[in-house]
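Working notes for the structure below.
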Amino acid sequence: MQQNDIKIKEVQFANAILLPEIIKMLEEGHTVTLRLRGFSMRPFLEDNRDKAIITKAKDVKVGDAVLAEVAPKHYVLHRIVKIEGDHVTLRGDGNLAEEHCKIEDVKGFVVGFYRKGRTKLDKTNGMKWVVYSWIWTRLYPIRRYLLAIYRRIWLRFFKPI
Amino acid sequence: MKAKKGFNLRTVCGEQIIVAEGEENIDFCNIISMNESSAYLWKEIANKDFTTKDLVDLLLERYDVAKETAMVDAKQLAAQWIKAGIVEE
């Protein structure tokens, strides 16, 4: 007897293959919704839980969350921490290390995040993100300790923020 | 039956996938992967009303398969498409 079930399994594409296609769509004028992977944008965003809506990058500034190609076929969705001329420095909120690229390598701009499975968008021009960004970027001097405490203590007992 | 608007077949990394495309937004969290025959049928019925019989005829045209098998497969596929929300009755 045959079953008429829909199979839902996760299809994963490697970034190096998927993201160029996504960028093509951004260039065509679409916005794209993507699921986020990795811990590099903690604490606001968690691995495999949240989604971002991305649009084509235009006039990006320091503090923006962007999709950038930081090395050939190597993409990150991180925050811009410095712009000097056409030299851009990025750092994920959950990272201590930086990446560098040119302004034309910044391909996408995050309009908002769908966090924790909600259908309400946390816009990057909204209060929540702006206040969080202001606080979190200023805590950079002690970020290493905050992240360690978060990882080793908070996440042991509580759910991610 | 007819394919719902906003579901377009794209080739991504060698796979044929249906992506939900709104006016502007393309949702990659909501994709349906199609095998070769399903993608072929999807392309053929684009923008027109079709019945299960149409799918059967298309299958028989392209594949060397018995009519009964084609009928069962076509019926199952149409049901899956409706269930996945990409086709309306």
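Residue names in the structure tokens use chain letters A, B, ... in the order shown, residue numbers from 1 in each chain, and ligand numbers from 1 in the order shown.
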Tell me, counting only C-alpha atoms, for each residue of chain A within 7 Å of chain B, which pair of atoms is nearest and how far apart they are in Å to one decimal, in rows ordered by chain and increasing number, as CSV.
```
residue,atom,partner,partner_atom,distance
A:Asn4,CA,B:Gln76,CA,6.6
A:Ile6,CA,B:Gln80,CA,6.5
A:Ile17,CA,B:Cys13,CA,6.2
A:Leu18,CA,B:Cys13,CA,6.8
A:His30,CA,B:Glu24,CA,4.8
A:Thr31,CA,B:Asn25,CA,4.5
A:Val32,CA,B:Ile26,CA,4.7
A:Thr33,CA,B:Asp27,CA,4.7
A:Leu34,CA,B:Phe28,CA,5.5
A:Arg35,CA,B:Cys29,CA,6.3
```
Write the residues of the preceding selection, restricted to C-alpha atoms, as a short mmCIF file (atom, residue, chain, number, x, y, z; two decimals), in the first residue's frame.
```cif
data_model
loop_
_atom_site.label_atom_id
_atom_site.label_comp_id
_atom_site.auth_asym_id
_atom_site.auth_seq_id
_atom_site.Cartn_x
_atom_site.Cartn_y
_atom_site.Cartn_z
CA ASN A 4 0.62 9.79 0.38
CA ILE A 6 4.83 14.64 2.25
CA ILE A 17 27.10 27.22 -3.69
CA LEU A 18 23.88 28.69 -2.34
CA HIS A 30 14.16 40.59 -4.59
CA THR A 31 14.41 40.29 -0.87
CA VAL A 32 15.40 36.84 0.31
CA THR A 33 14.54 35.08 3.57
CA LEU A 34 17.21 32.71 4.86
CA ARG A 35 17.72 30.54 7.90
#
```
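Within the 7 Å cut-off around region 61-73 of chain A, using only C-alpha atoms and omitting residues fewer than 6 positions from it on the same chain, the listed residues are A:Ala16, A:Arg79, A:Ile80, A:Val81, A:Lys82, A:Ile83, A:Glu99, A:His100, A:Cys101, A:Asp105, A:Val106, A:Lys107, A:Gly108, A:Phe109, A:Val110.
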Write down as a tab-separated table (two decimals) with N, CA, C and O atoms, in the first residue's frame the residues of region 18-63 of chain B whose backbone DSSP state falls under helix (DSSP H, G or I).
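Produced file result-v1.tsv, reproduced below:
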```
chain	number	residue	atom	x	y	z
B	36	GLU	N	13.37	14.76	-11.28
B	36	GLU	CA	13.39	15.15	-12.69
B	36	GLU	C	12.01	15.09	-13.33
B	36	GLU	O	11.60	16.01	-14.04
B	37	SER	N	11.27	14.01	-13.05
B	37	SER	CA	9.98	13.88	-13.72
B	37	SER	C	8.97	14.88	-13.16
B	37	SER	O	8.17	15.45	-13.91
B	38	SER	N	9.02	15.10	-11.87
B	38	SER	CA	8.13	16.07	-11.26
B	38	SER	C	8.38	17.47	-11.81
B	38	SER	O	7.46	18.22	-12.12
B	39	ALA	N	9.68	17.81	-11.96
B	39	ALA	CA	10.04	19.13	-12.49
B	39	ALA	C	9.55	19.27	-13.93
B	39	ALA	O	9.04	20.32	-14.33
B	40	TYR	N	9.70	18.20	-14.71
B	40	TYR	CA	9.23	18.20	-16.10
B	40	TYR	C	7.74	18.47	-16.16
B	40	TYR	O	7.27	19.34	-16.90
B	41	LEU	N	6.97	17.76	-15.33
B	41	LEU	CA	5.53	17.94	-15.32
B	41	LEU	C	5.16	19.35	-14.88
B	41	LEU	O	4.29	19.99	-15.46
B	42	TRP	N	5.85	19.82	-13.86
B	42	TRP	CA	5.57	21.17	-13.34
B	42	TRP	C	5.75	22.21	-14.43
B	42	TRP	O	4.94	23.11	-14.58
B	43	LYS	N	6.82	22.08	-15.18
B	43	LYS	CA	7.08	23.04	-16.26
B	43	LYS	C	5.98	22.97	-17.32
B	43	LYS	O	5.54	23.99	-17.84
B	44	GLU	N	5.54	21.75	-17.62
B	44	GLU	CA	4.55	21.57	-18.68
B	44	GLU	C	3.18	22.16	-18.31
B	44	GLU	O	2.46	22.64	-19.17
B	52	THR	N	-5.61	15.31	-13.78
B	52	THR	CA	-4.72	14.17	-13.57
B	52	THR	C	-4.45	13.49	-14.91
B	52	THR	O	-3.34	13.02	-15.18
B	53	LYS	N	-5.46	13.47	-15.78
B	53	LYS	CA	-5.30	12.82	-17.08
B	53	LYS	C	-4.19	13.51	-17.88
B	53	LYS	O	-3.41	12.86	-18.57
B	54	ASP	N	-4.14	14.84	-17.78
B	54	ASP	CA	-3.08	15.56	-18.50
B	54	ASP	C	-1.70	15.10	-18.03
B	54	ASP	O	-0.78	14.93	-18.84
B	55	LEU	N	-1.59	14.91	-16.71
B	55	LEU	CA	-0.31	14.45	-16.17
B	55	LEU	C	0.03	13.06	-16.70
B	55	LEU	O	1.17	12.77	-17.07
B	56	VAL	N	-0.98	12.20	-16.73
B	56	VAL	CA	-0.77	10.84	-17.24
B	56	VAL	C	-0.27	10.89	-18.68
B	56	VAL	O	0.71	10.23	-19.04
B	57	ASP	N	-0.94	11.71	-19.50
B	57	ASP	CA	-0.55	11.82	-20.91
B	57	ASP	C	0.88	12.31	-21.04
B	57	ASP	O	1.65	11.80	-21.86
B	58	LEU	N	1.24	13.28	-20.24
B	58	LEU	CA	2.61	13.82	-20.29
B	58	LEU	C	3.62	12.75	-19.90
B	58	LEU	O	4.69	12.62	-20.51
B	59	LEU	N	3.28	11.97	-18.90
B	59	LEU	CA	4.19	10.91	-18.46
B	59	LEU	C	4.36	9.86	-19.55
B	59	LEU	O	5.47	9.41	-19.85
B	60	LEU	N	3.23	9.47	-20.17
B	60	LEU	CA	3.29	8.44	-21.20
B	60	LEU	C	4.07	8.92	-22.41
B	60	LEU	O	4.79	8.15	-23.05
B	61	GLU	N	3.96	10.23	-22.67
B	61	GLU	CA	4.68	10.82	-23.80
B	61	GLU	C	6.18	10.71	-23.62
B	61	GLU	O	6.92	10.46	-24.55
B	62	ARG	N	6.61	10.92	-22.39
B	62	ARG	CA	8.05	11.05	-22.17
B	62	ARG	C	8.71	9.79	-21.65
B	62	ARG	O	9.87	9.54	-21.91
```
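Between Thr51 (chain B) and the candidates B:Ile17, B:Ala66, B:Met71, B:Met1, the tightest atom-to-atom separation, counting only C-alpha atoms, involves B:Met1.
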From the DSSP assignment of the backbone, select every residue of chain A that is strand (DSSP E), and format the answer as a PyMOL selection string. chain A and resi 31-35+51-56+65-71+74-84+87-91+99-102+106-114+122-123
Work out how far apart CA of Asp73 (chain B) and CA of Lys4 (chain B) are and give it in Å to one decimal. 20.8 Å
